[in-house]
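Visitor: One structure, pasted below without further comment.
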Amino acid sequence: MAIIARKKSSKKQRAPFSQRTWSIGFFSLAVLIYIFYTYILPHTPDGFQSQIQTWFPPSALNEALVWVIAALGLNIVVGYAGLLDLGFVAFWAIGGYTAGWFMSGFFNQWNFHFGSESAKVIPGIHLSFWLVLVIGALICAFFGIVIGAPTLRLKSDYLAIVTLGFGEIIPQIFVNGENIHGFNLSNGTKGISPVDSIGIFGKRLGPFDLNYKYMIFVAMAAFMVFISLRLRSGRLGRAWLAIREDELAASMMGVPLMKTKLAAYAVGAISGGLAGVAYATHVNGIFAERFQFSISIILLAMVVLGGMGNVWGVMVGALLIAWVNSTGLPAFGNEINSTFHTNINFPSYTFLIFGALLILMMLFRREGILPESRLKLLMHENDDASGNEQPHDEISEEEDL
Amino acid sequence: MAGVTYKTRQLRRRYIERSFATIAIAGALFWLIINFVKSPTQFVEVTFTGLSNGILYALIALGYTLVYGIIELINFAHGDLFMLGGLFSAHFITLWFGQRHSSGAGYGVLLLCLVAVMAFCALINVTIERFAYRRLRRAPKLAPLITAVGMSFILQFVGLRWNGSGQKTWPSLLPNGNFSIFGVRLPYTTLISFLVTIPVLLALTYIVTQTKQGKAMRATAQDQDASRLMGINVDRTISFTFGLGGALAGAAGLLFEQTRGLTSYNLGFQLGLIAFTAAVMGGIGNLQGAVLGAIIIGLIQGLNDGLPIGLGQQWSNTVVFSILILLMVFKPTGLLGKPTTEKV
């Protein structure tokens, strides 16, 4: 729904969008959705309510926001700095396990409570959700630097492989982490569950307080957008773009490659960590086997589809893909199956859909649906006259920062 | 002054790296010796298992390295091509020709299947190159890389449809059982892996080093524009390289299917990753390096999985990728790779 609304408004206005317009649009849309789900939906007829529950359930909206947070982080690494990261799932997992460690009764040999609204008698480490967000972000930033540091001397392709390796290693550590010299790090495949619910203003959110959670996730996404935009227009962001466009030239101009790349990794990892913590509270647990390579690829598809380097594009891409993945495709499949009395398992086509999406985007619209103008030029730098067609679209005349 | 400090810093860095690498290698040797002393026969058996895995990885790794050498693309879809090769062989032998046990006719079908699966995978790879990668040859590097990831997903989807979501087991035509030399039991399948792989590798070496097409490949890898000026059909050469890599992946698929007797749609991703690691380890773009790296990776994996004192199979990937990352830190060019300067 969010996507459709935004697309329509962009068609109607036809004027170039500035960052301010986008921010206001994003904020008012978020508020509208909140008002709709909290105040309007309960008073609508039952048929309409069930339709909304099938097509746009609030939990799917929350999950989509988690994806947005992570995709915005990947956008900094891939879209801004031009470093291909194929192991982003590692940060998501680390963030998730941070929540598992510090917000649950998992480490029941200790009893430590701080700022958490949970009952003091429950053993385990129970910290406030907000504190865990900070801890998760810091741990992930640390790991981002650890992962980035050895890869800095590498060419871009090797970088992709090393990140991919990390993306395989870290989930495997969590899967096998049940008994590391007698220490239970991650509870293995059983996972850590339940995780404390979010406490806000002395109130604990129950499992059905989806609207509160929605507002919190929106605030986190807005925070990431803010960080992305501010960093991009600052010194660091310009250094990232310079590296993306020509690493050699950038280093000749005095851009410190090592520091700048590490910063990209760290900031990207922070948002992965935030997404991980948010996801753990969203599904009320953390399970090692969910962290598969396909998550990294789906995130990449979100960034590529939306438009690398443009936060609003990435957001649209993430919302769209997350929605298709979680509700759109199954709901659409059910609709088709019940109408035509067929029995097609639509979610099994996700591989095909994502693969085809990535390929078609790369072949015909490399810069994404809402491209960033600089990246668009970069992507078509070497096109010869007879080669690929130049896509033209009024939306793409977006104002650059 | 600044130059001097830079130089000393470089020297110090090299010194630290050297000593760290020496410690790592010494630790690995120590681990091997302890294991060897503990149970020599098991050690030798495991070594041979590792070797036979290694040459299987070599077949896949060569495909990566061939393609990377010529157009500098990590062909993520290559591992899935191997998976499709395995599926094709399983269907070809078991379902289409109905061979279930080792027999004279079975070996005939096996040879026929080897040719067929090589052609099948070569065809797929050439088609992928023709319709996807060729159009992106002048695009920024990120574009073909992401396309390759997408291709990998599509091939996995084909595998998923063809094979179903679980693992499937198939009867093998190879004689099962062991033969023993000096009290060391070795399965026949190991022997047969060697018998298939070594001629294929020799044929590849012959093609690349002795034929005109191989010369064209090497020229294209060095400089596309210059080789075009020399009258080489660059497009056809690249297609040929993809075909060659695909054929090797097909052979590996058949070999894997026959020695392990199983197929699964996500096998390609796992093995492809390991094979790519092997190619990087040997120095990507270098054919001998790919084989060497693959054998080393196969050995490490076999030893880690099978030895009494080791991390065991559940840590297999962690061990392989940790080694890759360490290698990237200390020797980014790989074991046999030559350092390259970036072209402006």
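Residues in the structure tokens are numbered from 1 in each chain, the chains being A, B, ... in the order shown, and ligands are numbered from 1 in the order shown.
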Which residues, written as a VMD selection string, have at least one atom at most 7 Å from stretch 267-279 of chain B, with only C-alpha atoms counted and residues fewer than 4 positions away on the same chain left out?

Guide: chain B and resid 57 to 58 60 to 61 64 to 65 78 to 80 82 to 83 283 to 284 289 to 290 293 to 294 297 324

Visitor: Show me, as a CSV table (one decimal) with C-alpha atoms, in the first residue's frame, every residue of chain B with an atom at most 7 Å from chain A, counting only C-alpha atoms.

Guide:
```csv
chain,number,residue,atom,x,y,z
B,138,ARG,CA,31.4,-2.7,-21.0
B,139,ALA,CA,29.2,-2.0,-17.9
B,140,PRO,CA,30.8,-1.3,-14.5
B,143,ALA,CA,26.5,-5.1,-13.1
B,146,ILE,CA,24.9,-9.0,-9.8
B,147,THR,CA,23.7,-10.6,-13.0
B,150,GLY,CA,20.8,-13.6,-10.5
B,151,MET,CA,21.7,-16.4,-12.9
B,153,PHE,CA,19.3,-18.1,-8.5
B,154,ILE,CA,17.6,-19.0,-11.8
B,157,PHE,CA,15.2,-22.6,-9.4
B,317,ASN,CA,32.9,-24.3,5.9
B,318,THR,CA,34.2,-22.1,8.7
B,321,PHE,CA,36.6,-19.7,4.6
B,325,ILE,CA,40.4,-14.9,4.5
B,329,VAL,CA,45.3,-11.0,4.2
B,332,PRO,CA,46.0,-11.5,-2.0
```

Visitor: Skipping near chain neighbours, those fewer than 6 positions away, what residues fall within 6 Å of stretch 305-315 of chain A using only C-alpha atoms, listed as an mmCIF file with N, CA and C atoms, in the first residue's frame?

Guide:
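part.cif, written as the output of this step:
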```cif
data_model
loop_
_atom_site.group_PDB
_atom_site.id
_atom_site.type_symbol
_atom_site.label_atom_id
_atom_site.label_comp_id
_atom_site.auth_asym_id
_atom_site.auth_seq_id
_atom_site.Cartn_x
_atom_site.Cartn_y
_atom_site.Cartn_z
ATOM 1 N N VAL A 68 13.843 -2.635 5.517
ATOM 2 C CA VAL A 68 14.249 -1.298 5.079
ATOM 3 C C VAL A 68 15.487 -0.853 5.840
ATOM 4 N N GLY A 79 25.845 1.018 -2.354
ATOM 5 C CA GLY A 79 25.407 2.147 -3.159
ATOM 6 C C GLY A 79 26.324 3.350 -3.042
ATOM 7 N N TYR A 80 26.763 3.669 -1.849
ATOM 8 C CA TYR A 80 27.613 4.849 -1.682
ATOM 9 C C TYR A 80 29.072 4.525 -1.997
ATOM 10 N N GLU A 367 20.317 1.295 -13.095
ATOM 11 C CA GLU A 367 20.378 2.272 -12.017
ATOM 12 C C GLU A 367 19.205 2.141 -11.053
ATOM 13 N N GLY A 368 18.258 1.220 -11.319
ATOM 14 C CA GLY A 368 17.162 1.010 -10.379
ATOM 15 C C GLY A 368 15.931 1.823 -10.725
ATOM 16 N N ILE A 369 14.828 1.606 -9.984
ATOM 17 C CA ILE A 369 13.595 2.324 -10.348
ATOM 18 C C ILE A 369 13.679 3.796 -10.002
ATOM 19 N N LEU A 370 14.281 4.127 -8.894
ATOM 20 C CA LEU A 370 14.427 5.545 -8.556
ATOM 21 C C LEU A 370 15.917 5.842 -8.488
ATOM 22 N N PRO A 371 16.514 6.081 -9.619
ATOM 23 C CA PRO A 371 17.979 6.119 -9.626
ATOM 24 C C PRO A 371 18.542 7.410 -9.048
ATOM 25 N N GLU A 372 19.777 7.288 -8.669
ATOM 26 C CA GLU A 372 20.517 8.470 -8.289
ATOM 27 C C GLU A 372 21.217 8.943 -9.548
#
```

Visitor: Set the distance at 8 Å and use only C-alpha atoms: which residues neighbour stretch 120-133 of chain B once local chain neighbours fewer than 6 positions away are removed? I'd like the list as a list in words.

Guide: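 Skipping anything fewer than 6 positions along the chain leaves Ile359 and Leu363 of chain A; Leu81, Phe82, Leu84, Gly85, Pro144, Thr147, Ala148, Met151, Ser239, Phe240, Phe242, Gly243, Leu244, Gly245, Gly246, Ala247, Ala249 and Gly250 of chain B.
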
Visitor: Please provide as a PDB file with N, CA and C atoms, in the first residue's frame all residues within 9 Å of A:Ala99, with the sequence filter that same-chain residues fewer than 2 positions apart are discarded (counting only C-alpha atoms).

Guide:
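Everything below was put into out-v6.pdb:
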```pdb
ATOM      1  N   ILE A  94      24.429 -11.099  13.912  1.00  0.00           N
ATOM      2  CA  ILE A  94      25.101 -10.626  15.124  1.00  0.00           C
ATOM      3  C   ILE A  94      24.167  -9.716  15.916  1.00  0.00           C
ATOM      4  N   GLY A  95      23.486  -8.826  15.208  1.00  0.00           N
ATOM      5  CA  GLY A  95      22.532  -7.953  15.888  1.00  0.00           C
ATOM      6  C   GLY A  95      21.452  -8.755  16.577  1.00  0.00           C
ATOM      7  N   GLY A  96      20.945  -9.756  15.878  1.00  0.00           N
ATOM      8  CA  GLY A  96      19.898 -10.588  16.448  1.00  0.00           C
ATOM      9  C   GLY A  96      20.366 -11.296  17.693  1.00  0.00           C
ATOM     10  N   TYR A  97      21.580 -11.848  17.631  1.00  0.00           N
ATOM     11  CA  TYR A  97      22.076 -12.562  18.804  1.00  0.00           C
ATOM     12  C   TYR A  97      22.407 -11.626  19.946  1.00  0.00           C
ATOM     13  N   TRP A 101      21.184 -12.310  23.549  1.00  0.00           N
ATOM     14  CA  TRP A 101      22.020 -12.427  24.747  1.00  0.00           C
ATOM     15  C   TRP A 101      21.587 -11.466  25.843  1.00  0.00           C
ATOM     16  N   PHE A 102      21.303 -10.221  25.428  1.00  0.00           N
ATOM     17  CA  PHE A 102      21.113  -9.183  26.439  1.00  0.00           C
ATOM     18  C   PHE A 102      19.652  -8.900  26.755  1.00  0.00           C
ATOM     19  N   MET A 103      18.747  -9.586  26.104  1.00  0.00           N
ATOM     20  CA  MET A 103      17.333  -9.276  26.340  1.00  0.00           C
ATOM     21  C   MET A 103      16.521 -10.528  26.603  1.00  0.00           C
ATOM     22  N   SER A 104      17.127 -11.542  27.165  1.00  0.00           N
ATOM     23  CA  SER A 104      16.337 -12.751  27.378  1.00  0.00           C
ATOM     24  C   SER A 104      16.872 -13.494  28.589  1.00  0.00           C
ATOM     25  N   PHE A 129      15.618  -2.285  25.697  1.00  0.00           N
ATOM     26  CA  PHE A 129      15.680  -2.427  24.248  1.00  0.00           C
ATOM     27  C   PHE A 129      16.571  -1.355  23.634  1.00  0.00           C
ATOM     28  N   VAL A 132      20.134  -2.077  24.177  1.00  0.00           N
ATOM     29  CA  VAL A 132      20.570  -3.195  23.339  1.00  0.00           C
ATOM     30  C   VAL A 132      20.773  -2.727  21.902  1.00  0.00           C
ATOM     31  N   LEU A 133      19.941  -1.803  21.458  1.00  0.00           N
ATOM     32  CA  LEU A 133      20.146  -1.245  20.115  1.00  0.00           C
ATOM     33  C   LEU A 133      21.552  -0.660  20.007  1.00  0.00           C
ATOM     34  N   ILE A 135      24.153  -1.330  21.924  1.00  0.00           N
ATOM     35  CA  ILE A 135      25.171  -2.381  22.042  1.00  0.00           C
ATOM     36  C   ILE A 135      25.281  -3.150  20.730  1.00  0.00           C
ATOM     37  N   GLY A 136      24.118  -3.519  20.178  1.00  0.00           N
ATOM     38  CA  GLY A 136      24.125  -4.259  18.913  1.00  0.00           C
ATOM     39  C   GLY A 136      24.819  -3.459  17.833  1.00  0.00           C
ATOM     40  N   VAL A 195      12.441 -13.502  23.414  1.00  0.00           N
ATOM     41  CA  VAL A 195      13.225 -12.308  23.681  1.00  0.00           C
ATOM     42  C   VAL A 195      12.296 -11.311  24.363  1.00  0.00           C
ATOM     43  N   ASP A 196      12.866 -10.520  25.293  1.00  0.00           N
ATOM     44  CA  ASP A 196      12.039  -9.527  25.993  1.00  0.00           C
ATOM     45  C   ASP A 196      11.343  -8.618  24.999  1.00  0.00           C
ATOM     46  N   GLY A 276      18.938  -6.346  13.036  1.00  0.00           N
ATOM     47  CA  GLY A 276      18.960  -7.626  13.732  1.00  0.00           C
ATOM     48  C   GLY A 276      18.221  -7.557  15.060  1.00  0.00           C
ATOM     49  N   VAL A 277      18.499  -6.500  15.845  1.00  0.00           N
ATOM     50  CA  VAL A 277      17.823  -6.354  17.141  1.00  0.00           C
ATOM     51  C   VAL A 277      16.318  -6.194  16.915  1.00  0.00           C
ATOM     52  N   ALA A 278      15.972  -5.345  15.939  1.00  0.00           N
ATOM     53  CA  ALA A 278      14.550  -5.125  15.670  1.00  0.00           C
ATOM     54  C   ALA A 278      13.874  -6.425  15.246  1.00  0.00           C
ATOM     55  N   ALA A 280      14.762  -9.463  16.009  1.00  0.00           N
ATOM     56  CA  ALA A 280      14.620 -10.386  17.140  1.00  0.00           C
ATOM     57  C   ALA A 280      13.380 -10.040  17.956  1.00  0.00           C
ATOM     58  N   THR A 281      13.127  -8.738  18.163  1.00  0.00           N
ATOM     59  CA  THR A 281      11.923  -8.399  18.915  1.00  0.00           C
ATOM     60  C   THR A 281      10.678  -8.620  18.076  1.00  0.00           C
ATOM     61  N   GLY A 285      12.323 -13.890  19.052  1.00  0.00           N
ATOM     62  CA  GLY A 285      13.286 -14.971  19.198  1.00  0.00           C
ATOM     63  C   GLY A 285      14.344 -14.833  18.134  1.00  0.00           C
ATOM     64  N   ILE A 286      15.337 -15.709  18.216  1.00  0.00           N
ATOM     65  CA  ILE A 286      16.395 -15.641  17.219  1.00  0.00           C
ATOM     66  C   ILE A 286      16.788 -17.069  16.875  1.00  0.00           C
TER      67      ILE A 286
END
```

Visitor: Using DSSP on the backbone coordinates, identify all residues within stretch 73-231 of chain A classified as strand (DSSP E); present the result as an MDAnalysis selection string.

Guide: chainID A and resid 103:104 111:114 124:127 199:200 203:204

Visitor: I need the residues in stretch 121-215 of chain A that are helix (DSSP H, G or I) according to DSSP; give them as number ranges by chain.

Guide: A: 129-151, 156-175, 188-190, 210-215

Visitor: Produce a file of the selected residues containing C-alpha atoms, as a short mmCIF file (atom, residue, chain, number, x, y, z; two decimals), in the first residue's frame.

Guide:
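Okay, again.cif is ready:
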```
data_model
loop_
_atom_site.label_atom_id
_atom_site.label_comp_id
_atom_site.auth_asym_id
_atom_site.auth_seq_id
_atom_site.Cartn_x
_atom_site.Cartn_y
_atom_site.Cartn_z
CA PHE A 129 15.68 -2.43 24.25
CA TRP A 130 17.21 0.98 23.56
CA LEU A 131 20.42 0.07 25.26
CA VAL A 132 20.57 -3.19 23.34
CA LEU A 133 20.15 -1.25 20.11
CA VAL A 134 23.25 0.73 20.98
CA ILE A 135 25.17 -2.38 22.04
CA GLY A 136 24.12 -4.26 18.91
CA ALA A 137 25.16 -1.32 16.76
CA LEU A 138 28.55 -1.11 18.48
CA ILE A 139 29.22 -4.84 18.25
CA CYS A 140 28.27 -4.83 14.59
CA ALA A 141 30.40 -1.78 13.89
CA PHE A 142 33.31 -3.61 15.49
CA PHE A 143 32.67 -6.67 13.34
CA GLY A 144 32.26 -4.47 10.30
CA ILE A 145 35.76 -3.15 10.90
CA VAL A 146 37.07 -6.65 11.59
CA ILE A 147 35.59 -7.87 8.33
CA GLY A 148 36.63 -4.81 6.42
CA ALA A 149 40.19 -4.59 7.66
CA PRO A 150 41.69 -7.64 5.94
CA THR A 151 39.85 -6.96 2.72
CA SER A 156 36.41 -5.47 -5.55
CA ASP A 157 35.75 -9.05 -6.64
CA TYR A 158 37.83 -10.54 -3.88
CA LEU A 159 36.05 -8.29 -1.47
CA ALA A 160 32.74 -9.79 -2.50
CA ILE A 161 34.07 -13.26 -1.85
CA VAL A 162 35.56 -12.46 1.51
CA THR A 163 32.33 -10.85 2.69
CA LEU A 164 30.51 -13.90 1.38
CA GLY A 165 32.87 -16.07 3.41
CA PHE A 166 32.09 -14.07 6.55
CA GLY A 167 28.42 -14.35 5.75
CA GLU A 168 28.85 -18.13 5.79
CA ILE A 169 31.15 -18.36 8.79
CA ILE A 170 29.17 -16.29 11.26
CA PRO A 171 25.83 -18.12 10.87
CA GLN A 172 27.75 -21.41 11.06
CA ILE A 173 29.29 -20.31 14.33
CA PHE A 174 25.81 -19.63 15.66
CA VAL A 175 24.45 -22.94 14.35
CA GLY A 188 22.44 -24.06 18.38
CA THR A 189 19.58 -24.67 16.02
CA LYS A 190 17.03 -24.41 18.81
CA LEU A 210 1.97 -3.99 16.52
CA ASN A 211 1.15 -0.34 16.09
CA TYR A 212 3.61 0.79 18.76
CA LYS A 213 6.23 -1.45 17.28
CA TYR A 214 5.44 0.02 13.90
CA MET A 215 6.12 3.52 15.16
#
```

Visitor: At what distance in Å, to one decimal, does atom CA of A:Arg238 lie from atom CA of A:Gly25?

Guide: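 These two atoms are separated by 25.7 Å.
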
Visitor: Which neighbours of B:Leu87 fall inside 9 Å, counting only C-alpha atoms, when residues of the same chain fewer than 4 positions from it are skipped, and could you give them as an MDAnalysis selection string?

Guide: chainID B and resid 82:83 91:92 159 162:163 253:254 257 262:265

Visitor: Can you write just those residues out, N, CA and C atoms, as an mmCIF file, in the first residue's frame?

Guide:
```
data_model
loop_
_atom_site.group_PDB
_atom_site.id
_atom_site.type_symbol
_atom_site.label_atom_id
_atom_site.label_comp_id
_atom_site.auth_asym_id
_atom_site.auth_seq_id
_atom_site.Cartn_x
_atom_site.Cartn_y
_atom_site.Cartn_z
ATOM 1 N N PHE B 82 27.259 -26.851 -12.167
ATOM 2 C CA PHE B 82 27.744 -28.156 -11.703
ATOM 3 C C PHE B 82 26.589 -28.974 -11.128
ATOM 4 N N MET B 83 25.750 -28.296 -10.344
ATOM 5 C CA MET B 83 24.600 -28.980 -9.747
ATOM 6 C C MET B 83 23.678 -29.517 -10.839
ATOM 7 N N HIS B 91 19.571 -38.269 -14.136
ATOM 8 C CA HIS B 91 18.408 -38.592 -14.953
ATOM 9 C C HIS B 91 18.812 -39.391 -16.182
ATOM 10 N N PHE B 92 19.923 -38.986 -16.776
ATOM 11 C CA PHE B 92 20.396 -39.640 -17.991
ATOM 12 C C PHE B 92 20.656 -41.120 -17.730
ATOM 13 N N GLY B 159 16.963 -26.281 -10.781
ATOM 14 C CA GLY B 159 17.301 -27.461 -9.998
ATOM 15 C C GLY B 159 16.201 -27.839 -9.027
ATOM 16 N N TRP B 162 13.441 -29.452 -10.883
ATOM 17 C CA TRP B 162 13.810 -30.725 -11.477
ATOM 18 C C TRP B 162 13.975 -31.793 -10.405
ATOM 19 N N ASN B 163 14.576 -31.383 -9.301
ATOM 20 C CA ASN B 163 14.992 -32.349 -8.298
ATOM 21 C C ASN B 163 14.048 -32.390 -7.104
ATOM 22 N N GLY B 253 29.980 -32.623 -12.308
ATOM 23 C CA GLY B 253 28.643 -33.002 -11.867
ATOM 24 C C GLY B 253 28.426 -34.498 -11.966
ATOM 25 N N LEU B 254 28.818 -35.073 -13.107
ATOM 26 C CA LEU B 254 28.674 -36.523 -13.287
ATOM 27 C C LEU B 254 29.472 -37.273 -12.233
ATOM 28 N N GLU B 257 27.877 -37.005 -8.811
ATOM 29 C CA GLU B 257 26.647 -37.785 -8.726
ATOM 30 C C GLU B 257 26.969 -39.268 -8.615
ATOM 31 N N LEU B 262 24.179 -38.657 -4.794
ATOM 32 C CA LEU B 262 23.082 -37.793 -4.370
ATOM 33 C C LEU B 262 23.056 -36.501 -5.179
ATOM 34 N N THR B 263 21.872 -35.920 -5.264
ATOM 35 C CA THR B 263 21.710 -34.617 -5.903
ATOM 36 C C THR B 263 20.836 -33.759 -4.993
ATOM 37 N N SER B 264 21.068 -32.469 -5.075
ATOM 38 C CA SER B 264 20.270 -31.531 -4.284
ATOM 39 C C SER B 264 20.392 -30.172 -4.951
ATOM 40 N N TYR B 265 19.328 -29.394 -4.889
ATOM 41 C CA TYR B 265 19.361 -28.155 -5.664
ATOM 42 C C TYR B 265 20.333 -27.123 -5.117
#
```

Visitor: Fewer than 3 positions away in the same chain doesn't count, so skip those; otherwise give me all residues within 8 Å of B:Thr197, counting only C-alpha atoms, as number ranges by chain.

Guide: B: 55-56, 59, 193-194, 200-201
